[in-house]
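*Asks:* The following block contains the structure, expressed as C-alpha cells.
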Amino acid sequence: MDSIGPIGLQQGERPPGGPQEGSSCPPDSFELVQECLQQFKVTEAQLRQIQASLLASMEQALKGQASPAPTIRMLPTYVGSTPHGTEQGDFVVLELGATGASLRVLWVTLMGIEGHWIEPWSKEFAIPQEVMLGPGQQLFDFAARCLSEFLDEIPVGSQGLKLGFNFSFPCHQTGLDKSTLISWTKGFRCSGVEGQDVVQLLRDSIKRQGAYGIDVVAVVNDTVGTMMGCEPAAGPCEVGLVVDTGTNACYMEEARHVSALDEDRGRVCVSIEWGSFGDDGALRPVLTTFDYALDQESLNPGTQSPLAGAARVHAILRNLGLSPGPSDAELVRHVCAAVCTRAAQLCAAALAAVLARLQQSREQQSLQITVATGGRVFERHPRFLNILQEMVKLLVPECEVSFTRSVDGGGRGVAMVTAVAARLAAHRRLLEETLAPFRLTLKQLAAVQAQMREAMAKGLRGEASSLRMLPTYVRATPDGSERGDFLALDLGGTNFRVLLVRVATGGVQITNQVYSIPEHVAQGSGHQLFDHIVDCIVDFQQKQGLSGQSLPLGFTFSFPCRQLGLDQGILLNWTKGFNASDCEGKDVVCLLREAIQRRQAVELNVVAIVNDTVGTMMSCGYEDPRCEVGLIVGTGTNACYMEELQNVAGVAGDSGHMCINMEWGAFGDDGSLGVLSTCFDASVDLASINPGKQRFEKMISGMYLGEIVRHILLHLTSLGVLFRGQQTPRLQTRNIFKTKFLSEIESDSLALRQVRAILEDLGLPLTSDDALMVLEVCQAVSQRAAQLCGAGVAAVVEKIRENRSLDELTVSVGVDGTLYKLHPHFSSLVAATVRDLAPRCAVTFLQSEDGSGKGAALVTAVACRLAQRAHV
C-alpha cells in the first residue's frame with residue numbers, strides 16, 4: 001500500500017534553490033536524504049495495525065488482565081463528569097512539578113456562563129535546591145507558605161477555599177483527592193514522600209500554616225486538566241491529548257468497564273499512560289535506524305521547525321555550531337517535515353484507538369466529540385494538528401471530531417476539575433435532601449405495618465376505618481379436587497372477555513375470545529350493555545359447540561361494588577369511561593340474569609361475582625394450596641386474604657374462613673400516613689380525580705409513580721441540579737413520565753446511554769450526570785412503593801399467623817399487576833421487606849396467570865365443590 005501524507009522529498013523532486021552550480025553540497029546529497037526519509041513513510045495499513053494493537057491493549061488494561069502484561073496503563077482519575085458550563089465561583093490551584101524547579105499558584109474565577117471566564121491571577125515561586133532535595137515536610141510546608149503569601153495579596157476574607165492540586169509526578173490515584181507518589185522525577189528527591197498520599201501531606205502543611213481554611217478537593221494531572229479546561233465546541237469535550245516533551249491522553253470511559261472501580265453506573269476519566277506502548281514490538285514496523293540510535297527517545301518538538309523560513313533554519317543551524325550551505329536549509333526543512341509528519345500520523349493512530357474505544361463502549365454507530373489539545377507541539381507546529389485531523393478522519397470516518405485548544409490545562413483546567421467536583425458535591429447534597437423522605441427506615445415501615453393491623457381490626461369489626469375489609473363470600477381456596485367445565489366473564493374496560501375453563505386432572509385449559517364494547521354501548525342504557533354481554537356469550541357458546549348447555553359461570557366485574565353474597569354485588573359507581581344508565585345501586589348479577597331471560601333459549605348459571613384480587617389468589621391457589629393471600633400491584637393496588645369467619649362482623653357463622661377484600665388502596669385516607677407523605681405526593685394527590693382518597697394507592701401503584709417522579713424532577717430542575725436548571729415544557733406536561741419508564745430506567749441490563757435515550761425521547765436534553773440522578777430518583781420512588789407494599793403484606797401474613805396461634809406460618813401470596821411483574825426490582829424489595837417485618841412467616845410469592853379469567857372460573861369451581869359437599 002502506498003504511504004500516506006506528504007513527507008520529505010518525492011521521487012524526482014528537488015528542493016527549490018538546489019542543487020546549484022557552485023553548491024557546497026554534493027549532487028548525490030538529495031538522493032541520500034530521500035533514501036533516509038523513505039524510512040519515515042508510514043502506510044495506512046501500518047497505522048490501522050497500530051490502532052488495533054493499542055485498542056486491544058487498552059481493553060486488556062481496563063479488564064485488569066495481568067497476563068500477558070498490557071503495554072499501557074489505564075488509570076482511573078476519579079473525575080466523573082465534564083463541565084456543564086454552569087460552574088461558578090473562586091478556586092485556587094497549586095501547580096507543582098509542571099515547570100521544573102518552580103511552583104505556581106493561581107486564583108481562578110468561573111462565571112457560570114459558558115464561554116465566559118476571567119483571566120486568572122497567578123504567581124510563580126522558585127523552589128530552592130535544598131527544598132527539592134530535603135525532607136518531604138519541608139517541601140509541602142514551602143508550598144503552604146507560598147499559598148498563604150499569594151492569598152495575602154487577594155481580598156479573600158473568611159470564605160472557605162476550594163483547591164485543585166496539579167502534581168505532575170508518577171502517582172497511584174485511589175480517589176479524586178487521594179494520590180500516592182510512586183517516584184520522584186524532574187530533579188526532586190524529597191525524602192519521606194514516596195509511598196505517601198501527597199494530598200494528605202499538603203493538607204497537613206496547610207493546617208500547620210493555619211492562615212486560611214483551604215479544602216483540597218482534587219489532585220489532577222495535566223492531561224485531565226487539558227480535557228477539562230477546553231471550551232466545548234461541536235460536541236462534548238471528553239478526550240484530552242497532550243503532545244509536549246512527552247505525550248499522554250485521557251478520555252471519559254463507562255465506569256462499569258473499569259475493573260479497578262467498584263462502579264456499574266456513570267463515567268470516569270481514564271488516563272492512558274501510553275508512553276510505553278510498543279515495548280512489545282507493536283511499533284517495530286515503523287521504527288527507523290535513527291529511532292534505535294536514539295534509544296527510542298521522545299520527539300523534542302523544540303528542535304523541529306518544519307514551517308520555518310530558510311533564514312530561520314540557517315540561524316538555528318548556525319546556533320548549533322554548524323555551517324550550512326545554500327541547500328542545507330531546505331534539506332533540513334524536509335527532514336523536519338518527515339519526522340513531524342510521522343509523529344502526527346502515529347499520534348492519530350493512537351487517538352483513533354481511543355475514539356474507537358469510546359464508540360464501542362457506548363454502542364454508538366457514530367460519535368460526535370471534541371478533543372482538547374495541549375502541549376508545545378500544538379502551539380508551535382500548526383502542521384502537526386492539520387496532519388492529525390486528516391489522519392483521524394481517515395482512520396475513524398464515522399466519528400465527527402472537533403479539535404480545540406485547551407486554555408491552561410494545568411491552571412484553569414485543574415480549577416475546572418475542582419469546580420465540577422464542588423458542583424457535583426453540592427448537587428449530591430440537594431438530591432439527598434430531596435430523596436431523604438423516600439428512604440424509609442425499618443422503624444417507619446414497622447409503624448406502617450402496625451397501623452395497617454389496627455385498621456384491619458377496626459374494619460373487620462365494622463368500625464370506622466380506612467380499610468373497608470369487605471367479605472367476598474369466597475369461603476375456601478382450591479384443594480385440587482375441582483373438576484368440570486366453567487364459563488368466565490371478564491369485564492373491566494373497553495374489551496370484554498368470555499372464557500371456557502376446563503379443570504381436569506392434567507390441569508387447567510383455557511379458551512377465550514375478546515369482544516369490544518363500543519362507546520355508545522358503554523355509555524348507553526343498562527339494558528343495552530348487558531344485552532350486548534349476553535350476545536357475546538351466545539356467540540362464544542356457538543363457536544365452542546356449547547349451545548344449549550348451562551355451565552356454571554363466574555363473573556369478574558372490575559368496578560366498585562358492595563358484595564352481599566357470592567352471587568350478589570351492588571354497583572357503587574361506574575369508572576373507566578363506562579356510564580350505562582340504570583345500573584348504579586343495582587345488583588349487577590341480577591342485571592345479567594335479566595338480560596339472559598330476555599334472550600330466550602339461553603341458559604346460564606351465574607354462580608359468583610368475583611373481584612380481580614380474589615381471582616388472583618384463587619388462580620395461584622389451584623397451583624399451591626398454601627396460597628391464601630392475593631395481591632394486585634399494577635395501575636392500582638389491592639389485597640385480599642383468608643380470614644377466620646368468626647372475626648368478620650355482619651356475616652353469620654363462627655367456623656370456617658372467608659376471603660376478605662381489603663380495598664387497601666384507601667389505607668391512610670384517615671391521615672395515618674401523613675407523616676410519610678411528601679410535598680410531591682401532595683401535588684400528585686391534588687391533581688388527581690379523587691383528591692384526599694386512595695392515599696396508599698397513590699404512593700404505590702403504577703398510575704401515580706411516574707407523576708411523583710416528574711414532580712421531583714421539576715423540583716430538582718428549579719434548584720439547578722438537573723438539566724442545567726433549564727425548565728423544559730415537556731416536563732411540565734402531566735403524565736408525560738409513564739411508570740413504565742421507571743421499569744426501563746432501572747433495568748440492570750440498560751447501559752447509561754439507553755437511559756439517556758429514554759429521557760431524550762421525552763424531550764429532556766441531559767448529561768450523563770442528569771441520567772444518573774434521574775435513575776436515583778426513580779429508584780427512591782419505586783423502592784418506597786415496594787417497601788410500603790411489603791409492610792402491608794407483612795401485616796396480612798402476621799394477622800393470619802396470629803389468627804391460627806402459630807409460632808411459624810408458611811403461606812403463599814398470589815400476585816398480579818404490571819408494576820410487580822415488569823419492574824426489575826419491585827418484587828425482590830417487597831419480599832425483603834416482608835422478611836424483615838414478619839420474620840416468623842415463610843412467605844412465597846407466586847405470579848398469577850390470568851387471575852381475572854382463570855380465577856373467576858376457580859371461584860366458581862370451588863363454590864360448586866362446596867355446594868355439592870353440603871348437598872351430600
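Residues in the C-alpha cells are named by chain (A, B, ... in the order shown) and by number from 1 within that chain; ligands are numbered from 1 in the order shown.
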Taking the chain letters and numbering used in this document, name the residues of segment 27-251 of chain A that DSSP puts in alpha helix (DSSP H), as a ChimeraX atom specification.
*Replies:* /A:29-38,44-62,129-133,136-152,198-209,222-228
*Asks:* What lies within 10 Å of Gly569 of chain A using only C-alpha atoms, ignoring chain neighbours under 5 positions off, as JSON, numbers by chain?
*Replies:* {"A": [472, 557, 560, 561, 562, 563, 564, 585, 586, 587, 588, 589, 590, 608, 609, 610]}
*Asks:* Which residues are close to Ala211 of chain A, i.e. within 9 Å by only C-alpha atoms, leaving aside same-chain residues fewer than 4 positions away? Reply as a VMD selection string.
*Replies:* chain A and resid 148 206 to 207
*Asks:* Dump N, CA, C and O atoms for the selected residues as a PDB file, in the first residue's frame?
*Replies:*
ATOM      1  N   SER A 148      -0.152  30.871  51.234  1.00  0.00           N
ATOM      2  CA  SER A 148      -0.529  31.954  52.142  1.00  0.00           C
ATOM      3  C   SER A 148      -0.026  33.294  51.634  1.00  0.00           C
ATOM      4  O   SER A 148      -0.747  34.299  51.667  1.00  0.00           O
ATOM      5  N   ILE A 206      -0.905  22.730  55.183  1.00  0.00           N
ATOM      6  CA  ILE A 206      -1.839  23.869  55.198  1.00  0.00           C
ATOM      7  C   ILE A 206      -2.388  24.069  56.605  1.00  0.00           C
ATOM      8  O   ILE A 206      -2.535  25.199  57.090  1.00  0.00           O
ATOM      9  N   LYS A 207      -2.674  22.959  57.268  1.00  0.00           N
ATOM     10  CA  LYS A 207      -3.181  23.042  58.639  1.00  0.00           C
ATOM     11  C   LYS A 207      -2.125  23.632  59.572  1.00  0.00           C
ATOM     12  O   LYS A 207      -2.439  24.453  60.454  1.00  0.00           O
TER      13      LYS A 207
END
*Asks:* Would you mind listing what lies within 10 Å of Gly526 of chain A as a VMD selection string, with only C-alpha atoms counted and same-chain residues fewer than 2 positions away left out?
*Replies:* chain A and resid 521 to 524 528 to 532 579 to 584 588 591 to 592 595
*Asks:* Excluding same-chain residues fewer than 2 positions from Cys864 of chain A, what lies within 12 Å of it counting only C-alpha atoms, as a PyMOL selection string?
*Replies:* chain A and resi 474-476+478+481-486+551-554+566+605-608+857-862+866-871
*Asks:* Write a file of the just-selected residues containing N, CA, C and O atoms, as a tab-separated table (two decimals), in the first residue's frame.
*Replies:*
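Output saved as part.tsv:
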chain	number	residue	atom	x	y	z
A	474	VAL	N	-66.29	-15.83	49.39
A	474	VAL	CA	-65.45	-16.95	48.94
A	474	VAL	C	-64.94	-17.60	50.21
A	474	VAL	O	-64.19	-17.00	50.98
A	475	ARG	N	-65.35	-18.86	50.45
A	475	ARG	CA	-65.10	-19.48	51.75
A	475	ARG	C	-63.96	-20.49	51.75
A	475	ARG	O	-63.62	-21.03	52.80
A	476	ALA	N	-63.38	-20.76	50.59
A	476	ALA	CA	-62.29	-21.74	50.55
A	476	ALA	C	-61.46	-21.50	49.30
A	476	ALA	O	-61.92	-20.93	48.31
A	478	PRO	N	-58.91	-23.41	46.32
A	478	PRO	CA	-58.93	-24.73	45.64
A	478	PRO	C	-58.12	-25.76	46.42
A	478	PRO	O	-57.08	-25.45	47.01
A	481	SER	N	-59.18	-30.85	43.94
A	481	SER	CA	-60.16	-31.87	43.54
A	481	SER	C	-61.20	-31.29	42.58
A	481	SER	O	-62.08	-32.03	42.11
A	482	GLU	N	-61.13	-30.00	42.29
A	482	GLU	CA	-62.12	-29.36	41.42
A	482	GLU	C	-62.02	-29.93	40.00
A	482	GLU	O	-60.93	-30.11	39.46
A	483	ARG	N	-63.19	-30.23	39.42
A	483	ARG	CA	-63.24	-30.75	38.05
A	483	ARG	C	-64.45	-30.15	37.35
A	483	ARG	O	-65.44	-29.77	37.98
A	484	GLY	N	-64.37	-30.08	36.02
A	484	GLY	CA	-65.53	-29.66	35.25
A	484	GLY	C	-65.21	-28.52	34.29
A	484	GLY	O	-64.09	-27.99	34.24
A	485	ASP	N	-66.25	-28.14	33.52
A	485	ASP	CA	-66.15	-27.02	32.57
A	485	ASP	C	-66.89	-25.83	33.16
A	485	ASP	O	-68.00	-25.97	33.70
A	486	PHE	N	-66.28	-24.68	33.03
A	486	PHE	CA	-66.85	-23.45	33.60
A	486	PHE	C	-66.69	-22.31	32.61
A	486	PHE	O	-65.72	-22.26	31.84
A	551	LEU	N	-73.63	-24.01	31.80
A	551	LEU	CA	-72.39	-24.19	32.57
A	551	LEU	C	-72.34	-23.19	33.71
A	551	LEU	O	-72.81	-22.06	33.60
A	552	PRO	N	-71.73	-23.58	34.84
A	552	PRO	CA	-71.53	-22.62	35.93
A	552	PRO	C	-70.67	-21.46	35.44
A	552	PRO	O	-69.68	-21.65	34.72
A	553	LEU	N	-71.04	-20.25	35.86
A	553	LEU	CA	-70.38	-19.06	35.33
A	553	LEU	C	-69.86	-18.18	36.47
A	553	LEU	O	-70.58	-17.92	37.44
A	554	GLY	N	-68.60	-17.73	36.34
A	554	GLY	CA	-68.03	-16.76	37.26
A	554	GLY	C	-67.84	-15.43	36.54
A	554	GLY	O	-67.38	-15.39	35.39
A	566	LEU	N	-72.05	-14.38	47.45
A	566	LEU	CA	-71.15	-14.81	46.40
A	566	LEU	C	-71.65	-14.41	45.02
A	566	LEU	O	-70.87	-14.11	44.12
A	605	ASN	N	-75.84	-20.32	34.32
A	605	ASN	CA	-75.91	-20.47	35.76
A	605	ASN	C	-74.85	-19.57	36.40
A	605	ASN	O	-73.69	-19.98	36.55
A	606	VAL	N	-75.23	-18.34	36.74
A	606	VAL	CA	-74.27	-17.39	37.32
A	606	VAL	C	-74.07	-17.76	38.79
A	606	VAL	O	-74.96	-17.59	39.63
A	607	VAL	N	-72.86	-18.24	39.10
A	607	VAL	CA	-72.56	-18.74	40.44
A	607	VAL	C	-71.90	-17.68	41.30
A	607	VAL	O	-72.17	-17.57	42.50
A	608	ALA	N	-71.01	-16.86	40.71
A	608	ALA	CA	-70.20	-15.96	41.54
A	608	ALA	C	-69.85	-14.67	40.79
A	608	ALA	O	-69.63	-14.69	39.58
A	857	ALA	N	-63.21	-18.56	37.17
A	857	ALA	CA	-63.69	-19.93	36.96
A	857	ALA	C	-63.40	-20.79	38.20
A	857	ALA	O	-64.24	-21.62	38.60
A	858	LEU	N	-62.24	-20.59	38.84
A	858	LEU	CA	-61.90	-21.40	40.00
A	858	LEU	C	-62.73	-21.02	41.22
A	858	LEU	O	-63.05	-21.87	42.05
A	859	VAL	N	-63.09	-19.73	41.36
A	859	VAL	CA	-64.03	-19.35	42.41
A	859	VAL	C	-65.34	-20.11	42.21
A	859	VAL	O	-65.92	-20.65	43.16
A	860	THR	N	-65.77	-20.17	40.98
A	860	THR	CA	-67.00	-20.89	40.64
A	860	THR	C	-66.86	-22.38	40.92
A	860	THR	O	-67.76	-23.03	41.48
A	861	ALA	N	-65.69	-22.93	40.54
A	861	ALA	CA	-65.45	-24.37	40.73
A	861	ALA	C	-65.45	-24.72	42.21
A	861	ALA	O	-66.03	-25.75	42.63
A	862	VAL	N	-64.81	-23.89	43.04
A	862	VAL	CA	-64.77	-24.15	44.48
A	862	VAL	C	-66.18	-24.04	45.07
A	862	VAL	O	-66.58	-24.87	45.90
A	866	LEU	N	-68.11	-27.00	47.08
A	866	LEU	CA	-68.64	-26.84	48.43
A	866	LEU	C	-70.15	-27.10	48.45
A	866	LEU	O	-70.68	-27.72	49.39
A	867	ALA	N	-70.86	-26.64	47.40
A	867	ALA	CA	-72.31	-26.85	47.35
A	867	ALA	C	-72.64	-28.33	47.23
A	867	ALA	O	-73.57	-28.82	47.87
A	868	GLN	N	-71.85	-29.01	46.41
A	868	GLN	CA	-72.08	-30.45	46.24
A	868	GLN	C	-71.82	-31.20	47.54
A	868	GLN	O	-72.59	-32.09	47.93
A	869	ARG	N	-70.77	-30.80	48.26
A	869	ARG	CA	-70.44	-31.46	49.52
A	869	ARG	C	-71.55	-31.20	50.55
A	869	ARG	O	-71.94	-32.11	51.30
A	870	ALA	N	-72.08	-29.98	50.57
A	870	ALA	CA	-73.15	-29.65	51.51
A	870	ALA	C	-74.41	-30.43	51.18
A	870	ALA	O	-75.14	-30.89	52.08
A	871	HIS	N	-74.67	-30.60	49.87
A	871	HIS	CA	-75.85	-31.35	49.46
A	871	HIS	C	-75.75	-32.81	49.88
A	871	HIS	O	-76.71	-33.41	50.37
*Asks:* Just to confirm, what's the straight-line distance from atom CA of Thr226 of chain A to atom CA of Gly240 of chain A in Å (one decimal)?
*Replies:*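 Interatomic distance, atom CA of Thr226 of chain A to atom CA of Gly240 of chain A: 5.7 Å.
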*Asks:* Hey, which bits of segment 208-273 of chain A sit within 9 Å of segment 78-84 of chain A, and for each residue what's the closest pair of atoms and how far apart in Å (one decimal), counting only C-alpha atoms, rows by chain and increasing number, as JSON lines?
*Replies:*
{"residue": "A:Ala218", "atom": "CA", "partner": "A:Val79", "partner_atom": "CA", "distance": 8.8}
{"residue": "A:Val220", "atom": "CA", "partner": "A:Val79", "partner_atom": "CA", "distance": 8.8}
{"residue": "A:Val224", "atom": "CA", "partner": "A:Val79", "partner_atom": "CA", "distance": 8.4}
{"residue": "A:Met227", "atom": "CA", "partner": "A:Thr82", "partner_atom": "CA", "distance": 8.4}
{"residue": "A:Met228", "atom": "CA", "partner": "A:Thr82", "partner_atom": "CA", "distance": 6.4}
{"residue": "A:Gly229", "atom": "CA", "partner": "A:Pro83", "partner_atom": "CA", "distance": 8.7}
{"residue": "A:Pro232", "atom": "CA", "partner": "A:Pro83", "partner_atom": "CA", "distance": 8.7}
{"residue": "A:Pro236", "atom": "CA", "partner": "A:Thr82", "partner_atom": "CA", "distance": 8.2}
{"residue": "A:Cys237", "atom": "CA", "partner": "A:Thr82", "partner_atom": "CA", "distance": 7.4}
{"residue": "A:Glu238", "atom": "CA", "partner": "A:Thr82", "partner_atom": "CA", "distance": 7.1}
{"residue": "A:Met252", "atom": "CA", "partner": "A:Gly80", "partner_atom": "CA", "distance": 7.9}
{"residue": "A:Ala255", "atom": "CA", "partner": "A:Gly80", "partner_atom": "CA", "distance": 8.7}
{"residue": "A:Gly266", "atom": "CA", "partner": "A:Gly80", "partner_atom": "CA", "distance": 7.3}
{"residue": "A:Arg267", "atom": "CA", "partner": "A:Gly80", "partner_atom": "CA", "distance": 5.5}
{"residue": "A:Val268", "atom": "CA", "partner": "A:Gly80", "partner_atom": "CA", "distance": 4.4}
{"residue": "A:Cys269", "atom": "CA", "partner": "A:Val79", "partner_atom": "CA", "distance": 5.3}
{"residue": "A:Val270", "atom": "CA", "partner": "A:Tyr78", "partner_atom": "CA", "distance": 8.0}
*Asks:* Select from segment 359-607 of chain A everything DSSP, run on the backbone, classes as strand (DSSP E or B), then give the selection as a ChimeraX atom specification.
*Replies:* /A:367-374,399-405,470-471,484-491,495-504,507-516,525,552-557,561-565,568-571,581,587,605-607
*Asks:* Would you save the residues from that selection as a PDB file, in the first residue's frame, using C-alpha atoms?
*Replies:*
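Below you can see selection.pdb, which holds the result:
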ATOM      1  CA  LEU A 367     -19.740   9.609  17.528  1.00  0.00           C
ATOM      2  CA  GLN A 368     -19.665  13.386  17.817  1.00  0.00           C
ATOM      3  CA  ILE A 369     -16.960  14.532  20.178  1.00  0.00           C
ATOM      4  CA  THR A 370     -14.439  17.249  20.942  1.00  0.00           C
ATOM      5  CA  VAL A 371     -10.765  16.558  21.638  1.00  0.00           C
ATOM      6  CA  ALA A 372      -8.919  19.092  23.770  1.00  0.00           C
ATOM      7  CA  THR A 373      -5.281  19.514  22.778  1.00  0.00           C
ATOM      8  CA  GLY A 374      -2.387  20.770  24.864  1.00  0.00           C
ATOM      9  CA  CYS A 399     -16.506   9.873  14.215  1.00  0.00           C
ATOM     10  CA  GLU A 400     -17.182  13.583  13.866  1.00  0.00           C
ATOM     11  CA  VAL A 401     -14.225  15.018  15.774  1.00  0.00           C
ATOM     12  CA  SER A 402     -13.575  18.650  16.642  1.00  0.00           C
ATOM     13  CA  PHE A 403     -10.214  19.740  17.979  1.00  0.00           C
ATOM     14  CA  THR A 404      -9.948  22.679  20.346  1.00  0.00           C
ATOM     15  CA  ARG A 405      -7.002  24.215  22.157  1.00  0.00           C
ATOM     16  CA  LEU A 470     -65.297  -6.389  52.566  1.00  0.00           C
ATOM     17  CA  PRO A 471     -66.443 -10.033  52.745  1.00  0.00           C
ATOM     18  CA  GLY A 484     -65.529 -29.655  35.254  1.00  0.00           C
ATOM     19  CA  ASP A 485     -66.155 -27.023  32.573  1.00  0.00           C
ATOM     20  CA  PHE A 486     -66.847 -23.451  33.603  1.00  0.00           C
ATOM     21  CA  LEU A 487     -67.548 -20.175  31.885  1.00  0.00           C
ATOM     22  CA  ALA A 488     -65.892 -16.978  32.985  1.00  0.00           C
ATOM     23  CA  LEU A 489     -66.681 -13.382  32.068  1.00  0.00           C
ATOM     24  CA  ASP A 490     -64.144 -10.578  32.465  1.00  0.00           C
ATOM     25  CA  LEU A 491     -65.484  -7.022  32.269  1.00  0.00           C
ATOM     26  CA  ASN A 495     -62.680  -5.009  25.976  1.00  0.00           C
ATOM     27  CA  PHE A 496     -64.752  -7.850  27.347  1.00  0.00           C
ATOM     28  CA  ARG A 497     -63.607 -11.481  27.522  1.00  0.00           C
ATOM     29  CA  VAL A 498     -65.553 -14.720  27.525  1.00  0.00           C
ATOM     30  CA  LEU A 499     -63.620 -17.812  28.622  1.00  0.00           C
ATOM     31  CA  LEU A 500     -64.184 -21.552  28.693  1.00  0.00           C
ATOM     32  CA  VAL A 501     -62.124 -23.010  31.531  1.00  0.00           C
ATOM     33  CA  ARG A 502     -61.732 -26.793  31.679  1.00  0.00           C
ATOM     34  CA  VAL A 503     -60.471 -28.015  35.059  1.00  0.00           C
ATOM     35  CA  ALA A 504     -59.235 -31.583  34.733  1.00  0.00           C
ATOM     36  CA  GLY A 507     -54.517 -29.082  34.884  1.00  0.00           C
ATOM     37  CA  VAL A 508     -56.491 -26.129  33.592  1.00  0.00           C
ATOM     38  CA  GLN A 509     -57.157 -25.458  29.908  1.00  0.00           C
ATOM     39  CA  ILE A 510     -58.470 -22.073  28.825  1.00  0.00           C
ATOM     40  CA  THR A 511     -60.128 -20.984  25.607  1.00  0.00           C
ATOM     41  CA  ASN A 512     -61.112 -17.347  25.350  1.00  0.00           C
ATOM     42  CA  GLN A 513     -62.300 -14.694  22.952  1.00  0.00           C
ATOM     43  CA  VAL A 514     -62.125 -10.914  23.252  1.00  0.00           C
ATOM     44  CA  TYR A 515     -65.095  -8.762  22.311  1.00  0.00           C
ATOM     45  CA  SER A 516     -65.103  -5.000  22.102  1.00  0.00           C
ATOM     46  CA  SER A 525     -78.613   2.122  28.794  1.00  0.00           C
ATOM     47  CA  PRO A 552     -71.530 -22.620  35.931  1.00  0.00           C
ATOM     48  CA  LEU A 553     -70.376 -19.057  35.330  1.00  0.00           C
ATOM     49  CA  GLY A 554     -68.027 -16.758  37.260  1.00  0.00           C
ATOM     50  CA  PHE A 555     -68.232 -13.017  36.564  1.00  0.00           C
ATOM     51  CA  THR A 556     -65.154 -10.833  37.140  1.00  0.00           C
ATOM     52  CA  PHE A 557     -66.620  -7.355  37.402  1.00  0.00           C
ATOM     53  CA  CYS A 561     -69.138  -2.992  44.273  1.00  0.00           C
ATOM     54  CA  ARG A 562     -70.562  -3.814  47.666  1.00  0.00           C
ATOM     55  CA  GLN A 563     -70.879  -7.586  47.776  1.00  0.00           C
ATOM     56  CA  LEU A 564     -73.824  -9.058  49.662  1.00  0.00           C
ATOM     57  CA  GLY A 565     -73.246 -12.685  48.714  1.00  0.00           C
ATOM     58  CA  GLN A 568     -74.692 -10.565  44.715  1.00  0.00           C
ATOM     59  CA  GLY A 569     -72.794  -7.352  44.023  1.00  0.00           C
ATOM     60  CA  ILE A 570     -74.213  -3.813  44.165  1.00  0.00           C
ATOM     61  CA  LEU A 571     -72.526  -1.437  41.704  1.00  0.00           C
ATOM     62  CA  SER A 581     -77.794   4.197  32.865  1.00  0.00           C
ATOM     63  CA  ASP A 587     -77.127  -5.878  41.697  1.00  0.00           C
ATOM     64  CA  ASN A 605     -75.910 -20.469  35.759  1.00  0.00           C
ATOM     65  CA  VAL A 606     -74.271 -17.388  37.324  1.00  0.00           C
ATOM     66  CA  VAL A 607     -72.563 -18.738  40.437  1.00  0.00           C
TER      67      VAL A 607
END
*Asks:* Quick one: residues within 10 Å of Gly792 of chain A, only C-alpha atoms counted, chain neighbours fewer than 4 positions away excluded, as a VMD selection string?
*Replies:* chain A and resid 445 to 446 448 to 453 638 to 639 664 667 696 786 to 788 796 to 797 830 833 to 834 837
*Asks:* For segment 172-182 of chain A, list every protein, DNA or RNA residue within 6 Å, evaluated using only C-alpha atoms, and leave out those in the same chain fewer than 5 positions away; present the list as a PyMOL selection string.
*Replies:* chain A and resi 78+194-197+217-219
*Asks:* Kindly save the residues from that selection, with N, CA and C atoms included, as a tab-separated table (two decimals), in the first residue's frame.
*Replies:*
chain	number	residue	atom	x	y	z
A	78	TYR	N	-10.75	9.32	38.73
A	78	TYR	CA	-11.86	9.60	39.64
A	78	TYR	C	-12.54	10.93	39.32
A	194	GLU	N	7.71	9.31	48.90
A	194	GLU	CA	7.35	8.17	48.05
A	194	GLU	C	6.57	7.14	48.87
A	195	GLY	N	5.44	6.69	48.30
A	195	GLY	CA	4.56	5.76	49.01
A	195	GLY	C	3.56	6.44	49.92
A	196	GLN	N	3.56	7.79	49.95
A	196	GLN	CA	2.64	8.54	50.80
A	196	GLN	C	1.59	9.26	49.97
A	197	ASP	N	0.45	9.56	50.59
A	197	ASP	CA	-0.61	10.32	49.94
A	197	ASP	C	-0.21	11.80	49.92
A	217	VAL	N	-9.67	19.67	47.16
A	217	VAL	CA	-10.79	18.90	46.59
A	217	VAL	C	-10.30	17.81	45.64
A	218	ALA	N	-9.27	18.12	44.85
A	218	ALA	CA	-8.88	17.19	43.79
A	218	ALA	C	-7.39	17.28	43.52
A	219	VAL	N	-6.81	16.14	43.17
A	219	VAL	CA	-5.45	16.10	42.64
A	219	VAL	C	-5.56	15.67	41.17
*Asks:* When you count only C-alpha atoms, which of these residues is closest to Asn803 of chain A: A:Arg265, A:His657, A:Arg439, A:His257?
*Replies:*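 Of the candidates, the smallest distance to Asn803 of chain A is held by A:His657.
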*Asks:* Could you state the separation of atom CA of Leu731 of chain A and atom CA of Ala771 of chain A in Å, given to one decimal place?
*Replies:*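 Taking atom CA of Leu731 of chain A as the start and atom CA of Ala771 of chain A as the end point, the length is 14.6 Å.
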*Asks:* Figure out the distance between atom CA of Val286 of chain A and atom CA of Arg342 of chain A, please, to one decimal in Å.
*Replies:*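 These two atoms are separated by 8.9 Å.
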